$ cat start.txt   # compact mmCIF, C-alpha atoms
# COMPACT_ATOMS: atom_id res chain seq x y z
CA MET A 878 11.61 -5.86 -13.17
CA LYS A 879 10.86 -7.76 -9.98
CA GLN A 880 7.87 -10.03 -9.45
CA LEU A 881 5.01 -8.43 -7.53
CA ARG A 882 3.17 -9.97 -4.60
CA VAL A 883 0.23 -8.20 -2.97
CA LEU A 884 -0.66 -9.48 0.50
CA PRO A 885 -4.32 -10.53 0.81
CA GLU A 886 -4.86 -7.91 3.51
CA VAL A 887 -4.02 -5.18 1.01
CA TRP A 888 -6.99 -6.21 -1.12
CA ASP A 889 -9.11 -5.85 2.04
CA ASP A 890 -7.64 -2.37 2.57
CA LEU A 891 -8.53 -1.46 -1.00
CA ASP A 892 -12.05 -2.85 -0.70
CA GLU A 893 -12.59 -0.76 2.44
CA ALA A 894 -11.30 2.42 0.78
CA VAL A 895 -13.33 1.86 -2.38
CA ALA A 896 -16.49 1.17 -0.36
CA TRP A 897 -15.98 4.42 1.55
CA TYR A 898 -15.55 6.42 -1.66
CA ASP A 899 -18.53 4.64 -3.25
CA GLN A 900 -20.61 5.70 -0.27
CA GLN A 901 -19.34 9.27 -0.15
CA GLY A 902 -19.05 10.16 -3.81
CA GLY A 903 -20.63 7.36 -5.80
CA LYS A 904 -19.31 4.32 -7.60
CA GLU A 905 -17.36 6.46 -10.05
CA VAL A 906 -15.20 7.85 -7.24
CA GLY A 907 -14.66 4.38 -5.77
CA ASP A 908 -13.63 3.13 -9.20
CA LYS A 909 -11.13 5.99 -9.49
CA MET A 910 -9.65 5.02 -6.12
CA ALA A 911 -9.21 1.42 -7.30
CA ALA A 912 -7.64 2.66 -10.54
CA ALA A 913 -5.24 4.94 -8.64
CA PHE A 914 -4.06 1.93 -6.63
CA ASP A 915 -3.78 -0.34 -9.67
CA ALA A 916 -1.86 2.30 -11.62
CA GLN A 917 0.95 2.19 -9.05
CA LEU A 918 1.56 -1.57 -9.06
CA GLU A 919 3.53 -1.86 -12.30
CA PRO A 920 5.75 1.17 -11.54
CA ILE A 921 6.42 -0.21 -8.05
CA ALA A 922 7.68 -3.48 -9.55
CA ALA A 923 9.56 -1.77 -12.40
CA GLN A 924 11.32 0.76 -10.17
CA ALA A 925 11.90 -1.47 -7.14
CA GLY A 926 14.93 -0.43 -5.17
CA THR A 927 14.83 3.21 -6.23
CA HIS A 928 12.38 4.37 -3.55
CA ARG A 929 13.52 5.84 -0.27
CA LEU A 930 13.04 3.67 2.81
CA ILE A 931 10.33 5.16 5.01
CA TYR A 932 10.20 2.73 7.92
CA LYS A 933 12.61 -0.16 8.43
CA GLN A 934 12.70 -1.97 5.06
CA PHE A 935 9.49 -0.39 3.75
CA SER A 936 9.16 2.16 0.97
CA ARG A 937 5.97 3.83 -0.20
CA VAL A 938 4.30 5.51 -3.11
CA LEU A 939 1.16 7.61 -3.04
CA ALA A 940 -2.07 6.61 -4.74
CA LYS A 941 -2.63 10.12 -6.06
CA PRO A 942 -4.91 11.99 -6.09
CA PHE A 943 -6.23 10.05 -3.08
CA PRO A 944 -4.73 10.41 0.40
CA TYR A 945 -3.45 6.84 0.51
CA ALA A 946 0.05 5.42 0.60
CA ILE A 947 1.06 2.01 -0.68
CA TYR A 948 3.77 0.43 1.48
CA PHE A 949 6.02 -2.27 0.08
CA ARG A 950 9.36 -3.96 0.61
CA ILE A 951 11.79 -5.91 -1.48
CA GLN A 952 12.44 -9.54 -0.66
CA ASP A 953 14.84 -11.33 -2.98
CA ASP A 954 13.34 -11.08 -6.49
CA TRP A 955 9.95 -9.99 -5.17
CA VAL A 956 8.30 -6.73 -4.32
CA VAL A 957 5.81 -7.38 -1.54
CA VAL A 958 2.98 -4.85 -1.28
CA THR A 959 2.12 -4.95 2.40
CA LEU A 960 -0.29 -2.14 3.20
CA LEU A 961 -2.62 0.48 1.74
CA TRP A 962 -2.84 3.22 4.37
CA HIS A 963 -4.81 6.45 4.66
CA THR A 964 -2.18 9.13 5.24
CA ALA A 965 -4.21 10.90 7.95
CA LYS A 966 -4.09 7.88 10.26
CA ASN A 967 -1.82 7.76 13.30
CA PRO A 968 1.82 6.97 12.35
CA GLU A 969 2.20 4.79 15.44
CA ASP A 970 -0.63 2.61 14.16
CA LEU A 971 1.14 2.47 10.81
CA ARG A 972 4.28 1.02 12.33
CA SER A 973 2.43 -1.60 14.33
CA THR A 974 0.30 -2.60 11.31
CA LEU A 975 3.38 -3.00 9.12
CA SER A 976 5.02 -5.13 11.80
CA GLU A 977 1.90 -7.29 12.21
CA ARG A 978 1.64 -7.90 8.49
CA ASP A 979 5.30 -8.67 8.02
CA PRO A 980 6.51 -10.17 11.33
CA GLY A 981 9.39 -12.18 9.85
CA ASN A 982 11.04 -9.20 8.18
CA GLN A 983 11.52 -6.58 10.82
$ encode --input "start.txt" --output "structure tokens"
Amino acid sequence: MKQLRVLPEVWDDLDEAVAWYDQQGGKEVGDKMAAAFDAQLEPIAAQAGTHRLIYKQFSRVLAKPFPYAIYFRIQDDWVVVTLLWHTAKNPEDLRSTLSERDPGNQ
């Protein structure tokens, strides 16, 4: 199992998503969103290298049942979680955001 690193910006992404769900459906829904994200972290690290590449060196898993994708890449012995992204957003914005957050590994 590889070591896991979550970029600080990802925690901001999660805070934003949780706040939106808290506002729309109550704290319970926001908590479920946070739990859906957290539930994917260990499997991402444990199964690193088995996921299909989606964009350049990035793979993704979904934070089901929520419409969010968790983007990550492998760097040496690390899995770097780079982005939590709402799947309805523009794919062009996705590519530029991934590049901005990981400029040295394009």
$ residues_around --input "start.txt" --residues "A:Val895" --least-positions-apart "4" --cutoff "12 Å" --atoms "all atoms listed in the file" --output "list in words"
Trp888, Asp889, Asp890, Leu891, Asp899, Gln900, Gln901, Gly902, Gly903, Lys904, Glu905, Val906, Gly907, Asp908, Lys909, Met910, Ala911, Ala912, Ala913, Phe914, Phe943, Tyr945, Leu961 and His963 of chain A
$ residues_around --input "start.txt" --residues "A:Val957" --least-positions-apart "5" --cutoff "7 Å" --atoms "only C-alpha atoms" --output "list of chain:residue names"
A:Leu881, A:Arg882, A:Val883, A:Phe949, A:Arg950, A:Ile951
$ closest_atom_pairs --input "start.txt" --of "stretch 956-981 of chain A" --to "stretch 921-932 of chain A" --cutoff "10 Å" --atoms "only C-alpha atoms" --output "tab-separated table"
residue	atom	partner	partner_atom	distance
A:Val956	CA	A:Ala922	CA	6.2
A:Val957	CA	A:Ala922	CA	9.1
A:Val958	CA	A:Ile921	CA	8.9
A:Leu971	CA	A:Tyr932	CA	9.5
A:Arg972	CA	A:Tyr932	CA	7.6
A:Leu975	CA	A:Tyr932	CA	9.0
$ write_last_selection --input "start.txt" --atoms "C-alpha atoms" --output "CSV table (one decimal), keeping the file's coordinate frame"
chain,number,residue,atom,x,y,z
A,956,VAL,CA,8.3,-6.7,-4.3
A,957,VAL,CA,5.8,-7.4,-1.5
A,958,VAL,CA,3.0,-4.8,-1.3
A,971,LEU,CA,1.1,2.5,10.8
A,972,ARG,CA,4.3,1.0,12.3
A,975,LEU,CA,3.4,-3.0,9.1
$ atom_distance --input "start.txt" --atom1 "atom CA of A:Gln934" --atom2 "atom CA of A:Lys879"
16.2 Å
$ closest_residue --input "start.txt" --among "A:Asp953, A:Thr959, A:Pro944, A:Met878" --to "A:Pro920" --atoms "all atoms listed in the file"
A:Met878
$ closest_residue --input "start.txt" --among "A:Tyr948, A:Leu960, A:Pro942, A:Trp897" --to "A:Arg978" --atoms "only C-alpha atoms"
A:Leu960
$ atom_distance --input "start.txt" --atom1 "atom CA of A:Glu977" --atom2 "atom CA of A:Leu918"
22.0 Å
